[in-house]
Structure formats: structure tokens, C-alpha cells
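S.K.: Would you mind keeping the following structure in view while I ask a few things?
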Amino acid sequence: MKVILAGIEYVGTTTMANKLRDWKTEVTGEPFAGGLIHDHSKIPHTSGHPDDTTLEEQQQILALSPKLKEMYHRYSIYYHIHHYFGVDDLTVGMHIEESIYARKYYGYGLPGAPFDREATFGQMESRIKTVTDDPIITVHMTADAAVIEQRMDALKDSPQHTNSPLLKADIPEIMAEYKRLVVKSDIGPKLHVDTSVDTPDETLEKIVKQMEPHFTDYDRAAIAAHSAA
């Protein structure tokens, strides 16, 4: 299974990525490829390979020019596309998230500019289709704007959100952009969960139920073999 979790900051994408990783290991006996979650689509905070960016590293990233920020992320995304050669992958945000942050906060990928993210969005998805025939399952995670605001107040100083550019006033616009780009995407099935009220465990249960019809033959064989072991 190849999964992208897409949704505004504070909606729970990282929490759900960790839960999906644990769930997959439990039901198949195998983690996602390399045991990794690819949570690299926001800057300056990125997770993994091998650890989170430090505060010093985040300042170094923020000091890059828009041109260098664009290169940094474009290269990263094209690198991560090649993970789809494997049998599974778990990514947060990917090109959906990067496109939103690029144009809203970091001054690159703008209409008519080199590497306009409206244009490269389709190019990236076309590249994905040349790499794999498997469905890329996009899980659009949403929550009420008021809930996002409450979580922002509670979590804004947590390590996962250091140097985040997101402002409360931007929440409706950012959520609308996630919805627009999820609709625009055509690399596979699109699922939806709302995390306003449900617990993380309840959200995981809903995601897994929606994912089941889209499991690959490899997924089903791995689940059957592990349950029989």
C-alpha cells in the first residue's frame, strides 16, 4: 500500500502516520519500506532521515533564497517519487502540501514563475504513474477551523511545529487549498476523514476501513500470511 496523508497542520497527519506504521507492522508483519515515514514536505521542520531538523538547521533552511528553497524541495520530491518503485510507502503531504506552502509562505512556485507549482503538480503526478501501477491512496484529513485553532494554541510550541508559518487567519484559505489539490490529484483513490471529534484510534479505524478495497495483491498476501503464522 502506498499512502499520502494530506491535511492542514494540526489536523493530525503525523500522529496518524505513526499509527498507520504501527498498524501495518501488526497486520502484515512488515513496516512500511525501511520502517520510514516520509514527513518532509513542510519547511523548515522536516522529520526523518535520520531525525528531525534541529532549530539551527531550520534557521539555515529559512535563510535560503526562494530559488534555493524551490530547488531543495523539488529535488526532495522527485527523489521520494522513486520510493514508489517499492511495494509500499507512507508519506505526509508530498507535492500537495509542498505546493501550498511554497506559494503561500516561501515565495516560489508562483503563477508564471519558473517551476510554477500548478504546472509541476501535474508533472510530478505523471512521473509517479511511470514508476508504479499501484494506486496511491490519498487520505484527505480535515477538521473544523475552530478545532485547528484550539490545537494551534495548545501545540504551537511543540517540537513538531517550530518555526511554522501558519497563521490562524490563514486556516480557511489553507484548508481550501488542500481540498482543491486533493480534488485535482489523479494518482489514485481519495479517502476522507474528519478529526474534529474522533480519537486517533477511531480515525485510524476509519482510514483502514476505507483503504481495504484498495489493498494490492501484495498487501492481501502479506496480511493472510501473517495471520496464518
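In the C-alpha cells, chains take letters A, B, ... by order of appearance, with residues numbered from 1 within each chain and ligands from 1 in the order shown.
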Residues near Met152 in chain A, anyone? I mean within 12 Å using only C-alpha atoms, not counting same-chain ones fewer than 5 positions away, as number ranges by chain.

M.R.: A: 8-12, 145-147, 157-158, 160-162, 164-169, 171

S.K.: Write the residues you've just listed into a file as a PDB file, in the first residue's frame, and include C-alpha atoms for each of them.

M.R.:
ATOM      1  CA  ILE A   8      -3.546  21.226   7.264  1.00  0.00           C
ATOM      2  CA  GLU A   9      -1.065  21.390  10.103  1.00  0.00           C
ATOM      3  CA  TYR A  10      -2.579  20.355  13.473  1.00  0.00           C
ATOM      4  CA  VAL A  11      -5.101  18.061  11.777  1.00  0.00           C
ATOM      5  CA  GLY A  12      -3.147  15.010  12.917  1.00  0.00           C
ATOM      6  CA  ALA A 145     -11.304  25.532  11.682  1.00  0.00           C
ATOM      7  CA  ALA A 146     -12.108  26.222  15.337  1.00  0.00           C
ATOM      8  CA  VAL A 147     -10.591  22.875  16.300  1.00  0.00           C
ATOM      9  CA  ASP A 157       5.453  25.411  20.894  1.00  0.00           C
ATOM     10  CA  SER A 158       5.844  21.658  20.435  1.00  0.00           C
ATOM     11  CA  GLN A 160       6.811  19.330  15.543  1.00  0.00           C
ATOM     12  CA  HIS A 161       5.610  22.881  14.890  1.00  0.00           C
ATOM     13  CA  THR A 162       8.687  25.010  15.498  1.00  0.00           C
ATOM     14  CA  SER A 164       5.694  27.020  11.388  1.00  0.00           C
ATOM     15  CA  PRO A 165       4.499  29.887   9.174  1.00  0.00           C
ATOM     16  CA  LEU A 166       0.809  29.000   9.592  1.00  0.00           C
ATOM     17  CA  LEU A 167      -1.364  31.812  10.973  1.00  0.00           C
ATOM     18  CA  LYS A 168      -4.866  31.479  12.357  1.00  0.00           C
ATOM     19  CA  ALA A 169      -6.132  33.959   9.781  1.00  0.00           C
ATOM     20  CA  ILE A 171      -6.595  28.494   8.197  1.00  0.00           C
TER      21      ILE A 171
END

S.K.: Which residues come within 12 Å of Asp134 in chain A, counting only C-alpha atoms, excluding same-chain residues fewer than 2 positions away, as number ranges by chain?

M.R.: A: 1-3, 84-89, 128-132, 136-137, 187-189, 214-219

S.K.: Could you name the residues that touch range 49-62 of chain A at 8 Å or less, counting only C-alpha atoms, but leaving out those on the same chain fewer than 6 positions away, as an MDAnalysis selection string?

M.R.: chainID A and resid 43 69 162:163

S.K.: Hey, can you spit out that residue selection with N, CA and C atoms as a JSON list (two decimals), in the first residue's frame?

M.R.:
[["chain", "number", "residue", "atom", "x", "y", "z"],
["A", 43, "ILE", "N", 8.54, 23.09, 5.18],
["A", 43, "ILE", "CA", 9.78, 23.66, 5.67],
["A", 43, "ILE", "C", 9.41, 24.79, 6.63],
["A", 69, "LYS", "N", 15.18, 27.47, -1.92],
["A", 69, "LYS", "CA", 14.10, 26.72, -1.27],
["A", 69, "LYS", "C", 13.37, 25.87, -2.31],
["A", 162, "THR", "N", 7.78, 23.88, 15.37],
["A", 162, "THR", "CA", 8.69, 25.01, 15.50],
["A", 162, "THR", "C", 8.85, 25.72, 14.15],
["A", 163, "ASN", "N", 8.82, 27.03, 14.22],
["A", 163, "ASN", "CA", 9.00, 27.88, 13.04],
["A", 163, "ASN", "C", 7.92, 27.69, 11.98]]

S.K.: Write out as a PyMOL selection string all residues of range 47-191 of chain A that DSSP puts in alpha helix (DSSP H) for this structure's backbone.

M.R.: chain A and resi 55-62+66-81+94-101+117-131+145-155+171-184

S.K.: Can you write out the residues you just picked, keeping C-alpha atoms, as a JSON list (two decimals), in the first residue's frame?

M.R.:
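Saved as out36.json:
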[["chain", "number", "residue", "atom", "x", "y", "z"],
["A", 55, "LEU", "CA", 16.42, 24.57, 15.39],
["A", 56, "GLU", "CA", 19.79, 25.61, 13.95],
["A", 57, "GLU", "CA", 19.13, 23.66, 10.75],
["A", 58, "GLN", "CA", 15.67, 25.20, 10.48],
["A", 59, "GLN", "CA", 17.18, 28.68, 10.60],
["A", 60, "GLN", "CA", 19.65, 27.67, 7.88],
["A", 61, "ILE", "CA", 16.77, 26.49, 5.68],
["A", 62, "LEU", "CA", 14.74, 29.65, 6.33],
["A", 66, "PRO", "CA", 13.24, 31.42, -2.67],
["A", 67, "LYS", "CA", 15.24, 29.96, -5.58],
["A", 68, "LEU", "CA", 17.19, 27.65, -3.28],
["A", 69, "LYS", "CA", 14.10, 26.72, -1.27],
["A", 70, "GLU", "CA", 12.44, 25.73, -4.54],
["A", 71, "MET", "CA", 15.38, 23.58, -5.57],
["A", 72, "TYR", "CA", 15.60, 21.99, -2.12],
["A", 73, "HIS", "CA", 12.02, 20.83, -2.26],
["A", 74, "ARG", "CA", 11.75, 19.96, -5.94],
["A", 75, "TYR", "CA", 14.77, 17.68, -5.67],
["A", 76, "SER", "CA", 13.38, 16.13, -2.50],
["A", 77, "ILE", "CA", 10.01, 15.38, -4.06],
["A", 78, "TYR", "CA", 11.45, 13.82, -7.20],
["A", 79, "TYR", "CA", 13.71, 11.70, -5.00],
["A", 80, "HIS", "CA", 10.75, 10.49, -2.98],
["A", 81, "ILE", "CA", 8.75, 9.64, -6.09],
["A", 94, "MET", "CA", 4.11, 15.16, -0.56],
["A", 95, "HIS", "CA", 3.55, 17.51, -3.56],
["A", 96, "ILE", "CA", 0.12, 18.64, -2.29],
["A", 97, "GLU", "CA", 1.50, 20.15, 0.89],
["A", 98, "GLU", "CA", 4.70, 21.48, -0.65],
["A", 99, "SER", "CA", 2.77, 23.34, -3.34],
["A", 100, "ILE", "CA", 0.61, 25.11, -0.76],
["A", 101, "TYR", "CA", 3.47, 26.20, 1.50],
["A", 117, "ARG", "CA", 3.74, 24.62, -8.79],
["A", 118, "GLU", "CA", 0.45, 24.45, -10.67],
["A", 119, "ALA", "CA", 2.41, 23.13, -13.64],
["A", 120, "THR", "CA", 4.86, 20.90, -11.79],
["A", 121, "PHE", "CA", 1.99, 19.34, -9.83],
["A", 122, "GLY", "CA", 0.84, 17.51, -12.95],
["A", 123, "GLN", "CA", 4.40, 16.73, -13.99],
["A", 124, "MET", "CA", 5.10, 15.12, -10.63],
["A", 125, "GLU", "CA", 1.96, 13.00, -10.83],
["A", 126, "SER", "CA", 2.81, 11.96, -14.38],
["A", 127, "ARG", "CA", 6.20, 10.81, -13.13],
["A", 128, "ILE", "CA", 4.56, 8.80, -10.35],
["A", 129, "LYS", "CA", 2.46, 6.99, -12.93],
["A", 130, "THR", "CA", 5.57, 5.93, -14.83],
["A", 131, "VAL", "CA", 7.05, 4.49, -11.64],
["A", 145, "ALA", "CA", -11.30, 25.53, 11.68],
["A", 146, "ALA", "CA", -12.11, 26.22, 15.34],
["A", 147, "VAL", "CA", -10.59, 22.87, 16.30],
["A", 148, "ILE", "CA", -7.43, 23.65, 14.33],
["A", 149, "GLU", "CA", -7.18, 26.98, 16.17],
["A", 150, "GLN", "CA", -7.53, 25.26, 19.53],
["A", 151, "ARG", "CA", -4.84, 22.74, 18.68],
["A", 152, "MET", "CA", -2.57, 25.51, 17.44],
["A", 153, "ASP", "CA", -2.87, 27.27, 20.80],
["A", 154, "ALA", "CA", -2.09, 24.04, 22.63],
["A", 155, "LEU", "CA", 0.71, 22.72, 20.40],
["A", 171, "ILE", "CA", -6.60, 28.49, 8.20],
["A", 172, "PRO", "CA", -9.69, 28.70, 5.93],
["A", 173, "GLU", "CA", -7.56, 29.50, 2.86],
["A", 174, "ILE", "CA", -5.06, 26.73, 3.56],
["A", 175, "MET", "CA", -7.80, 24.17, 4.15],
["A", 176, "ALA", "CA", -9.45, 25.18, 0.89],
["A", 177, "GLU", "CA", -6.16, 24.71, -0.96],
["A", 178, "TYR", "CA", -5.72, 21.21, 0.44],
["A", 179, "LYS", "CA", -9.23, 20.36, -0.73],
["A", 180, "ARG", "CA", -8.63, 21.86, -4.18],
["A", 181, "LEU", "CA", -5.39, 19.98, -4.74],
["A", 182, "VAL", "CA", -6.73, 16.68, -3.44],
["A", 183, "VAL", "CA", -9.55, 17.04, -5.98],
["A", 184, "LYS", "CA", -7.01, 17.95, -8.68]]

S.K.: Please identify which residues in range 118-229 of chain A DSSP calls strand (DSSP E or B) from the backbone, and express them as a compact mmCIF listing (two decimals) with N, CA and C atoms, in the first residue's frame.

M.R.:
# COMPACT_ATOMS: atom_id res chain seq x y z
N ILE A 136 -2.08 5.05 -5.57
CA ILE A 136 -1.55 5.88 -4.49
C ILE A 136 -2.77 6.40 -3.73
N ILE A 137 -2.94 5.94 -2.52
CA ILE A 137 -4.12 6.30 -1.74
C ILE A 137 -3.86 7.64 -1.04
N THR A 138 -4.64 8.65 -1.38
CA THR A 138 -4.54 9.94 -0.72
C THR A 138 -5.64 10.05 0.32
N VAL A 139 -5.22 10.23 1.57
CA VAL A 139 -6.17 10.39 2.67
C VAL A 139 -6.24 11.88 3.02
N HIS A 140 -7.35 12.51 2.69
CA HIS A 140 -7.54 13.93 2.99
C HIS A 140 -8.08 14.03 4.41
N MET A 141 -7.27 14.56 5.31
CA MET A 141 -7.65 14.72 6.71
C MET A 141 -8.09 16.16 6.96
N THR A 142 -9.25 16.31 7.54
CA THR A 142 -9.79 17.64 7.81
C THR A 142 -10.25 17.75 9.26
N LYS A 190 -9.13 8.57 -3.39
CA LYS A 190 -9.08 9.63 -2.39
C LYS A 190 -10.05 9.29 -1.26
N LEU A 191 -9.53 9.26 -0.06
CA LEU A 191 -10.33 8.98 1.12
C LEU A 191 -10.44 10.26 1.94
N HIS A 192 -11.39 10.27 2.86
CA HIS A 192 -11.57 11.46 3.70
C HIS A 192 -11.91 11.05 5.12
N VAL A 193 -11.27 11.70 6.08
CA VAL A 193 -11.63 11.55 7.49
C VAL A 193 -11.61 12.92 8.14
N ASP A 194 -12.50 13.12 9.08
CA ASP A 194 -12.55 14.36 9.86
C ASP A 194 -12.10 14.04 11.28

S.K.: So, with only C-alpha atoms as the atoms that count, which of A:Ala229, A:His82, A:Thr203, A:Pro159 lies closest to His45 in chain A?

M.R.: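 Nearest candidate to His45 in chain A out of A:Ala229, A:His82, A:Thr203, A:Pro159: A:Pro159.
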
S.K.: Would you please work out which residue, of A:Gly93, A:His226, A:Tyr105, A:Pro135, is nearest to Pro213 in chain A when using only C-alpha atoms?

M.R.: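 The closest residue to Pro213 in chain A is A:Pro135.
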
S.K.: Distance table requested - range 162-223 of chain A against range 25-29 of chain A, cut-off 9 Å, only C-alpha atoms: one row per qualifying residue with the closest atom pair and its distance in Å to one decimal, ordered by chain and rising residue number, as JSON lines.

M.R.:
{"residue": "A:Asp219", "atom": "CA", "partner": "A:Thr28", "partner_atom": "CA", "distance": 7.6}
{"residue": "A:Arg220", "atom": "CA", "partner": "A:Thr28", "partner_atom": "CA", "distance": 8.7}
{"residue": "A:Ala221", "atom": "CA", "partner": "A:Thr28", "partner_atom": "CA", "distance": 8.7}
{"residue": "A:Ala222", "atom": "CA", "partner": "A:Thr28", "partner_atom": "CA", "distance": 5.2}
{"residue": "A:Ile223", "atom": "CA", "partner": "A:Thr28", "partner_atom": "CA", "distance": 4.5}
